[in-house]
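Okay, protein-v3.cif is below, mmCIF, C-alpha atoms:
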```
data_model
#
loop_
_atom_site.label_atom_id
_atom_site.label_comp_id
_atom_site.auth_asym_id
_atom_site.auth_seq_id
_atom_site.Cartn_x
_atom_site.Cartn_y
_atom_site.Cartn_z
CA MET A 3 31.66 4.19 26.28
CA ARG A 4 34.50 4.33 23.76
CA ALA A 5 37.70 3.29 25.53
CA ASN A 6 40.57 5.73 26.02
CA LYS A 7 43.43 4.04 24.19
CA LEU A 8 46.05 5.89 26.22
CA ARG A 9 44.91 4.25 29.44
CA GLN A 10 45.31 0.82 27.82
CA ILE A 11 48.79 1.68 26.49
CA TRP A 12 49.88 2.72 29.96
CA GLN A 13 48.25 -0.24 31.64
CA ASP A 14 50.31 -2.45 29.33
CA GLY A 15 53.49 -0.60 30.34
CA GLY A 16 53.95 1.35 27.11
CA ALA A 17 54.53 5.00 26.30
CA ALA A 18 52.41 7.11 23.96
CA ALA A 19 53.47 9.30 21.03
CA ASN A 20 51.45 12.51 21.05
CA GLY A 21 51.04 14.78 18.03
CA TRP A 22 50.72 18.53 18.53
CA ILE A 23 48.67 20.86 16.34
CA THR A 24 48.70 24.66 16.45
CA LEU A 25 46.95 25.60 13.19
CA PRO A 26 43.15 25.54 12.77
CA SER A 27 42.77 22.95 10.03
CA THR A 28 40.55 19.88 9.83
CA LEU A 29 42.79 18.55 7.07
CA ILE A 30 45.86 18.72 9.30
CA ALA A 31 43.93 17.08 12.13
CA GLU A 32 42.66 14.28 9.92
CA THR A 33 46.08 13.76 8.28
CA LEU A 34 47.93 13.46 11.58
CA ALA A 35 45.20 11.26 13.03
CA GLN A 36 45.71 8.85 10.12
CA MET A 37 49.38 8.54 11.02
CA ASP A 38 50.81 6.46 13.85
CA PHE A 39 50.24 8.91 16.70
CA ASP A 40 48.53 7.46 19.76
CA SER A 41 47.01 10.83 20.61
CA ILE A 42 46.84 14.34 19.21
CA THR A 43 46.71 17.57 21.19
CA LEU A 44 44.98 20.67 19.84
CA ASP A 45 46.76 23.72 21.25
CA MET A 46 44.26 26.44 22.18
CA GLN A 47 46.77 28.25 24.41
CA HIS A 48 49.61 29.22 22.09
CA GLY A 49 48.15 27.89 18.84
CA HIS A 50 45.71 29.66 16.52
CA ILE A 51 42.85 27.29 17.35
CA GLY A 52 39.52 28.66 18.59
CA TYR A 53 36.59 26.72 20.04
CA ARG A 54 34.76 26.30 16.74
CA ASP A 55 38.00 25.16 15.11
CA ALA A 56 38.61 22.67 17.93
CA TRP A 57 35.09 21.24 17.55
CA ASP A 58 35.60 20.59 13.83
CA MET A 59 39.11 19.22 14.35
CA LEU A 60 37.93 16.85 17.08
CA THR A 61 35.33 15.58 14.61
CA ALA A 62 38.07 14.97 12.02
CA ILE A 63 40.23 13.11 14.54
CA SER A 64 37.30 10.89 15.53
CA THR A 65 37.44 9.13 12.16
CA THR A 66 40.33 7.18 13.76
CA ASP A 67 41.12 5.64 17.16
CA THR A 68 43.67 8.39 17.89
CA VAL A 69 42.89 9.91 21.29
CA PRO A 70 41.86 13.60 21.07
CA ILE A 71 43.39 15.93 23.67
CA VAL A 72 43.03 19.70 24.04
CA ARG A 73 45.38 22.13 25.76
CA VAL A 74 43.04 24.84 26.98
CA PRO A 75 44.06 28.52 27.15
CA TRP A 76 43.84 28.69 30.93
CA ASN A 77 42.43 27.15 34.10
CA GLU A 78 38.91 28.44 33.49
CA PRO A 79 35.87 26.19 34.06
CA GLY A 80 33.91 27.45 31.04
CA ILE A 81 36.43 26.45 28.38
CA LEU A 82 37.36 23.24 30.20
CA MET A 83 33.76 22.07 30.20
CA ARG A 84 33.19 23.16 26.60
CA VAL A 85 36.12 21.22 25.13
CA LEU A 86 35.03 18.13 27.06
CA ASP A 87 31.48 18.55 25.78
CA ALA A 88 32.97 18.79 22.28
CA GLY A 89 34.56 15.36 22.69
CA ALA A 90 38.07 15.87 24.07
CA TYR A 91 39.20 12.68 25.83
CA GLY A 92 42.00 14.47 27.65
CA VAL A 93 42.70 18.00 28.81
CA ILE A 94 46.06 19.67 29.47
CA CYS A 95 45.71 22.73 31.68
CA PRO A 96 48.56 25.29 31.75
CA MET A 97 50.24 26.90 34.75
CA ILE A 98 49.00 24.72 37.60
CA ASN A 99 51.17 25.90 40.48
CA THR A 100 49.24 24.97 43.62
CA ARG A 101 46.99 22.30 45.03
CA ASP A 102 44.03 24.69 45.00
CA GLN A 103 44.52 25.38 41.29
CA ALA A 104 44.69 21.64 40.62
CA ILE A 105 41.49 21.11 42.61
CA SER A 106 39.72 23.79 40.57
CA PHE A 107 40.96 22.24 37.32
CA VAL A 108 39.82 18.74 38.22
CA ALA A 109 36.46 19.94 39.54
CA ALA A 110 35.61 21.43 36.13
CA CYS A 111 36.44 18.14 34.41
CA ARG A 112 34.61 15.66 36.66
CA TYR A 113 30.89 15.10 37.06
CA PRO A 114 29.44 15.06 40.61
CA PRO A 115 30.17 13.78 43.15
CA LEU A 116 33.85 13.97 42.11
CA GLY A 117 33.58 17.47 40.65
CA GLU A 118 31.37 20.25 39.43
CA ARG A 119 31.22 19.64 35.68
CA SER A 120 27.89 20.72 34.26
CA TYR A 121 25.97 18.10 32.27
CA GLY A 122 25.66 18.74 28.55
CA PRO A 123 27.95 16.43 26.52
CA ILE A 124 26.58 17.65 23.19
CA ARG A 125 29.15 15.99 20.94
CA ALA A 126 30.96 13.97 23.60
CA LYS A 127 27.99 11.64 23.92
CA ILE A 128 28.03 11.03 20.16
CA TYR A 129 31.78 10.35 20.22
CA GLY A 130 31.97 8.51 23.53
CA GLY A 131 28.67 6.64 23.57
CA ALA A 132 25.29 6.59 25.27
CA ASP A 133 26.83 5.75 28.68
CA TYR A 134 29.15 8.76 28.55
CA TYR A 135 27.87 10.32 31.77
CA ALA A 136 28.31 7.13 33.77
CA LYS A 137 31.89 6.48 32.60
CA ALA A 138 33.39 9.87 31.70
CA ASN A 139 35.00 10.40 35.10
CA ASP A 140 36.99 7.20 34.68
CA THR A 141 37.79 7.72 30.99
CA VAL A 142 38.69 11.37 30.38
CA LEU A 143 42.30 12.27 31.27
CA THR A 144 43.34 15.37 33.22
CA PHE A 145 46.92 16.70 33.01
CA ALA A 146 48.21 19.61 35.08
CA MET A 147 51.01 21.50 33.34
CA ILE A 148 54.09 21.93 35.53
CA GLU A 149 55.95 25.02 34.32
CA THR A 150 57.34 27.00 37.27
CA PRO A 151 59.57 26.58 40.34
CA GLU A 152 56.43 27.06 42.45
CA ALA A 153 54.82 24.06 40.77
CA ILE A 154 57.97 21.99 41.30
CA GLU A 155 57.97 22.96 44.98
CA ASN A 156 54.30 22.05 45.31
CA ILE A 157 54.42 18.93 43.16
CA SER A 158 53.52 16.53 45.97
CA ASP A 159 50.44 18.56 46.88
CA ILE A 160 49.41 18.93 43.23
CA ILE A 161 49.61 15.24 42.36
CA SER A 162 47.74 14.28 45.52
CA VAL A 163 44.52 15.80 44.16
CA ASN A 164 41.89 13.12 43.64
CA GLY A 165 40.82 12.92 40.01
CA LEU A 166 44.05 14.34 38.59
CA ASP A 167 45.50 11.71 36.29
CA GLY A 168 48.92 13.19 35.72
CA ILE A 169 51.26 16.05 34.92
CA TYR A 170 52.58 17.48 31.68
CA ILE A 171 55.93 19.25 31.81
CA GLY A 172 56.27 22.48 29.83
CA PRO A 173 60.07 22.81 29.52
CA GLY A 174 59.95 26.20 27.75
CA ASP A 175 58.14 28.06 30.51
CA LEU A 176 59.94 26.07 33.18
CA SER A 177 63.26 27.21 31.70
CA ALA A 178 62.14 30.83 31.56
CA SER A 179 60.68 30.87 35.06
CA MET A 180 63.96 29.45 36.40
CA GLY A 181 65.92 32.28 34.77
CA TYR A 182 67.10 30.55 31.61
CA THR A 183 66.40 31.03 27.92
CA PRO A 184 63.28 29.01 27.02
CA ASN A 185 64.38 25.61 25.78
CA PHE A 186 62.89 22.14 25.42
CA ASP A 187 65.64 19.52 25.43
CA HIS A 188 67.82 19.83 28.54
CA GLY A 189 70.84 17.58 28.76
CA SER A 190 71.77 18.51 32.33
CA GLY A 191 71.54 21.29 34.89
CA PRO A 192 68.87 22.71 37.22
CA VAL A 193 66.00 22.58 34.70
CA LYS A 194 66.68 18.92 33.89
CA ASP A 195 66.88 18.18 37.62
CA ALA A 196 63.53 19.89 38.18
CA ILE A 197 61.95 17.93 35.34
CA LEU A 198 63.16 14.61 36.69
CA SER A 199 62.12 15.45 40.25
CA ALA A 200 58.57 16.16 39.06
CA LEU A 201 58.57 12.97 36.98
CA HIS A 202 59.72 10.79 39.86
CA ALA A 203 57.21 12.34 42.26
CA ALA A 204 54.36 11.75 39.82
CA ARG A 205 55.28 8.17 39.02
CA ALA A 206 55.83 7.34 42.69
CA ALA A 207 52.29 8.58 43.36
CA GLY A 208 50.88 6.41 40.58
CA LYS A 209 50.23 9.36 38.26
CA PHE A 210 51.01 9.62 34.54
CA ALA A 211 53.61 12.03 33.20
CA GLY A 212 53.98 13.73 29.82
CA ILE A 213 56.50 16.19 28.42
CA HIS A 214 57.04 18.37 25.36
CA ASN A 215 60.24 17.78 23.39
CA ALA A 216 62.05 19.41 20.49
CA THR A 217 63.46 16.21 18.97
CA SER A 218 62.49 12.55 18.73
CA SER A 219 65.87 11.48 20.12
CA TYR A 220 65.29 13.46 23.31
CA ALA A 221 61.71 12.17 23.50
CA ARG A 222 63.08 8.62 23.48
CA GLU A 223 65.41 9.59 26.32
CA MET A 224 62.41 10.88 28.27
CA ILE A 225 60.54 7.63 27.69
CA ALA A 226 63.54 5.76 29.06
CA ALA A 227 63.48 8.08 32.09
CA GLY A 228 59.89 7.09 32.80
CA PHE A 229 57.58 9.48 30.95
CA ASN A 230 54.31 7.92 29.72
CA LEU A 231 53.55 10.44 26.98
CA VAL A 232 55.90 12.44 24.75
CA SER A 233 55.21 15.17 22.21
CA VAL A 234 57.76 16.26 19.60
CA ALA A 235 57.59 19.90 18.45
CA SER A 236 54.37 20.73 16.56
CA GLU A 237 53.09 20.34 13.02
CA LEU A 238 54.14 23.94 12.27
CA LYS A 239 57.67 23.48 13.63
CA LEU A 240 58.12 20.15 11.86
CA MET A 241 56.88 21.66 8.60
CA SER A 242 59.17 24.68 8.93
CA ASP A 243 62.19 22.53 9.72
CA ASN A 244 61.51 20.29 6.74
CA ILE A 245 61.09 23.25 4.39
CA GLU A 246 64.33 24.83 5.64
CA GLN A 247 66.20 21.57 5.04
CA THR A 248 64.64 21.12 1.61
CA LEU A 249 65.54 24.67 0.54
CA ALA A 250 69.07 24.32 1.90
CA GLU A 251 69.54 21.18 -0.16
CA LEU A 252 67.94 22.78 -3.21
CA LYS A 253 70.11 25.89 -3.08
CA ALA A 254 73.35 24.22 -2.06
CA PRO A 255 76.23 25.16 -4.42
#
```
Could you express the structure from this file as structure tokens?
Amino acid sequence: MRANKLRQIWQDGGAAANGWITLPSTLIAETLAQMDFDSITLDMQHGHIGYRDAWDMLTAISTTDTVPIVRVPWNEPGILMRVLDAGAYGVICPMINTRDQAISFVAACRYPPLGERSYGPIRAKIYGGADYYAKANDTVLTFAMIETPEAIENISDIISVNGLDGIYIGPGDLSASMGYTPNFDHGSGPVKDAILSALHAARAAGKFAGIHNATSSYAREMIAAGFNLVSVASELKLMSDNIEQTLAELKAP
């Protein structure tokens, strides 16, 4: 089976740079995959990407060794199994707040006896290889999104679930659920404390940890803190920021 490059990066003690795509475009997927990202996440939760789009974009990404990840819309077995069958090598599942929710998430992503994933790797077998079924449980990555005070409180129970590889912090929802304006890069305060507490719990349990960031400088700080995977904004946000800067320079007096 095709190796999951992220697992090798982490085994070697490194951190991974993760691209984030919200728009349904095979050209965007292929372009970003040709860059120096270690992995790329297709956002089916808040992005404009549907299942058919994701299938085509996963195909575009597979022209490279960039690891394809999908953030699914919700903790629902049907879509989890479908994106894995389409060739996702990692899944980020939003709003995992309890151990039971984490168990349900993992069960949909793992073949028996570790889970309840139905067999039918239509494209995954083409992408991963003929021995996909035998090795998928040890290759595909599962990330539970930690986005609420409830999840922070239950972090030890969540990360104890067998078959869960790690957590992915969603700072925007975590900020909002803690009573603050949604924000990504937190310099200090209760949200930053919650983020670091989840990180330390995950790493102490031998789990991986990822986080979404607004800037590359903050992402580097998060790597130094111990995160294994960092995402910076999205292709849409980066494009918008660059256009704003370009127009400001163009129209400057």
Name the residues that the PyMOL selection byres ((chain A and resi 57) around 12) pulls out of this structure, and write them as a PyMOL selection string.
chain A and resi 26-28+31+44+46+51-56+58-64+70-72+84-90+124-126+129
With C-alpha atoms retained, write the just-selected residues as a short mmCIF file (atom, residue, chain, number, x, y, z; two decimals), in the coordinates of the input.
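This is the output file again-v6.cif:
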```cif
data_model
loop_
_atom_site.label_atom_id
_atom_site.label_comp_id
_atom_site.auth_asym_id
_atom_site.auth_seq_id
_atom_site.Cartn_x
_atom_site.Cartn_y
_atom_site.Cartn_z
CA PRO A 26 43.15 25.54 12.77
CA SER A 27 42.77 22.95 10.03
CA THR A 28 40.55 19.88 9.83
CA ALA A 31 43.93 17.08 12.13
CA LEU A 44 44.98 20.67 19.84
CA MET A 46 44.26 26.44 22.18
CA ILE A 51 42.85 27.29 17.35
CA GLY A 52 39.52 28.66 18.59
CA TYR A 53 36.59 26.72 20.04
CA ARG A 54 34.76 26.30 16.74
CA ASP A 55 38.00 25.16 15.11
CA ALA A 56 38.61 22.67 17.93
CA ASP A 58 35.60 20.59 13.83
CA MET A 59 39.11 19.22 14.35
CA LEU A 60 37.93 16.85 17.08
CA THR A 61 35.33 15.58 14.61
CA ALA A 62 38.07 14.97 12.02
CA ILE A 63 40.23 13.11 14.54
CA SER A 64 37.30 10.89 15.53
CA PRO A 70 41.86 13.60 21.07
CA ILE A 71 43.39 15.93 23.67
CA VAL A 72 43.03 19.70 24.04
CA ARG A 84 33.19 23.16 26.60
CA VAL A 85 36.12 21.22 25.13
CA LEU A 86 35.03 18.13 27.06
CA ASP A 87 31.48 18.55 25.78
CA ALA A 88 32.97 18.79 22.28
CA GLY A 89 34.56 15.36 22.69
CA ALA A 90 38.07 15.87 24.07
CA ILE A 124 26.58 17.65 23.19
CA ARG A 125 29.15 15.99 20.94
CA ALA A 126 30.96 13.97 23.60
CA TYR A 129 31.78 10.35 20.22
#
```
Straight-line distance linking CA of Ile160 (chain A) with CA of Asp133 (chain A), stated in Å to one decimal:
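Between CA of Ile160 (chain A) and CA of Asp133 (chain A) the gap works out to 29.9 Å.
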Just give me the gap between CA of Leu8 (chain A) and CA of Thr66 (chain A) in Å, one decimal is fine.
13.8 Å
May I have a table of the residues of region 124-211 of chain A lying at most 10 Å from region 109-113 of chain A, giving each one's closest pair of atoms and their distance in Å to one decimal, counting only C-alpha atoms, ordered by chain and ascending residue number, as JSON lines?
```
{"residue": "A:Tyr135", "atom": "CA", "partner": "A:Tyr113", "partner_atom": "CA", "distance": 7.7}
{"residue": "A:Ala136", "atom": "CA", "partner": "A:Tyr113", "partner_atom": "CA", "distance": 9.0}
{"residue": "A:Lys137", "atom": "CA", "partner": "A:Tyr113", "partner_atom": "CA", "distance": 9.8}
{"residue": "A:Ala138", "atom": "CA", "partner": "A:Arg112", "partner_atom": "CA", "distance": 7.7}
{"residue": "A:Asn139", "atom": "CA", "partner": "A:Arg112", "partner_atom": "CA", "distance": 5.5}
{"residue": "A:Asp140", "atom": "CA", "partner": "A:Arg112", "partner_atom": "CA", "distance": 9.0}
{"residue": "A:Val142", "atom": "CA", "partner": "A:Cys111", "partner_atom": "CA", "distance": 8.2}
{"residue": "A:Leu143", "atom": "CA", "partner": "A:Cys111", "partner_atom": "CA", "distance": 8.9}
{"residue": "A:Thr144", "atom": "CA", "partner": "A:Cys111", "partner_atom": "CA", "distance": 7.5}
{"residue": "A:Asn164", "atom": "CA", "partner": "A:Ala109", "partner_atom": "CA", "distance": 9.6}
{"residue": "A:Gly165", "atom": "CA", "partner": "A:Arg112", "partner_atom": "CA", "distance": 7.6}
{"residue": "A:Leu166", "atom": "CA", "partner": "A:Cys111", "partner_atom": "CA", "distance": 9.5}
```
Emit the selected residues as a short mmCIF file (atom, residue, chain, number, x, y, z; two decimals), in the coordinates of the input, including C-alpha atoms.
```cif
data_model
loop_
_atom_site.label_atom_id
_atom_site.label_comp_id
_atom_site.auth_asym_id
_atom_site.auth_seq_id
_atom_site.Cartn_x
_atom_site.Cartn_y
_atom_site.Cartn_z
CA TYR A 135 27.87 10.32 31.77
CA ALA A 136 28.31 7.13 33.77
CA LYS A 137 31.89 6.48 32.60
CA ALA A 138 33.39 9.87 31.70
CA ASN A 139 35.00 10.40 35.10
CA ASP A 140 36.99 7.20 34.68
CA VAL A 142 38.69 11.37 30.38
CA LEU A 143 42.30 12.27 31.27
CA THR A 144 43.34 15.37 33.22
CA ASN A 164 41.89 13.12 43.64
CA GLY A 165 40.82 12.92 40.01
CA LEU A 166 44.05 14.34 38.59
#
```
Take CA of Asp187 (chain A) and CA of Glu155 (chain A) and report the distance between them in Å, one decimal.
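These two atoms are separated by 21.3 Å.
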Name the residues captured by the PyMOL selection byres ((chain A and resi 167-181) around 8) when it is applied to the shown file; answer as a PyMOL selection string.
chain A and resi 94+143-151+161+165-166+182-187+193+197+204+209-215
Taking (64.3, 13.5, 23.6) in the coordinates of the supplied file, I want to know which residues reach to within 10 Å of it, counting all atoms listed in the file; could you give the answer as a PyMOL selection string?
chain A and resi 186-189+213-226+232-234
Leaving out Asn77 (chain A) and any residue of its chain fewer than 6 positions from it, which residues lie within 10 Å of it when counting all atoms listed in the file, given as a ChimeraX atom specification?
/A:94-98,103-104,106-108,110,146
Write out as a list of chain:residue names the residues lying within 12 Å of Lys239 (chain A), counting all atoms listed in the file and excluding same-chain residues fewer than 4 positions away.
A:Gly21, A:Trp22, A:Ile23, A:Thr24, A:Leu25, A:Gly49, A:Asn215, A:Ala216, A:Thr217, A:Val234, A:Ala235, A:Asp243, A:Asn244, A:Ile245, A:Glu246
Of the candidates A:Glu32, A:Glu152, A:Phe39, A:Lys194, which one gets nearest to Asn99 (chain A) if we count all atoms listed in the file?
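Checking each candidate against Asn99 (chain A), we get A:Glu152 as the closest.
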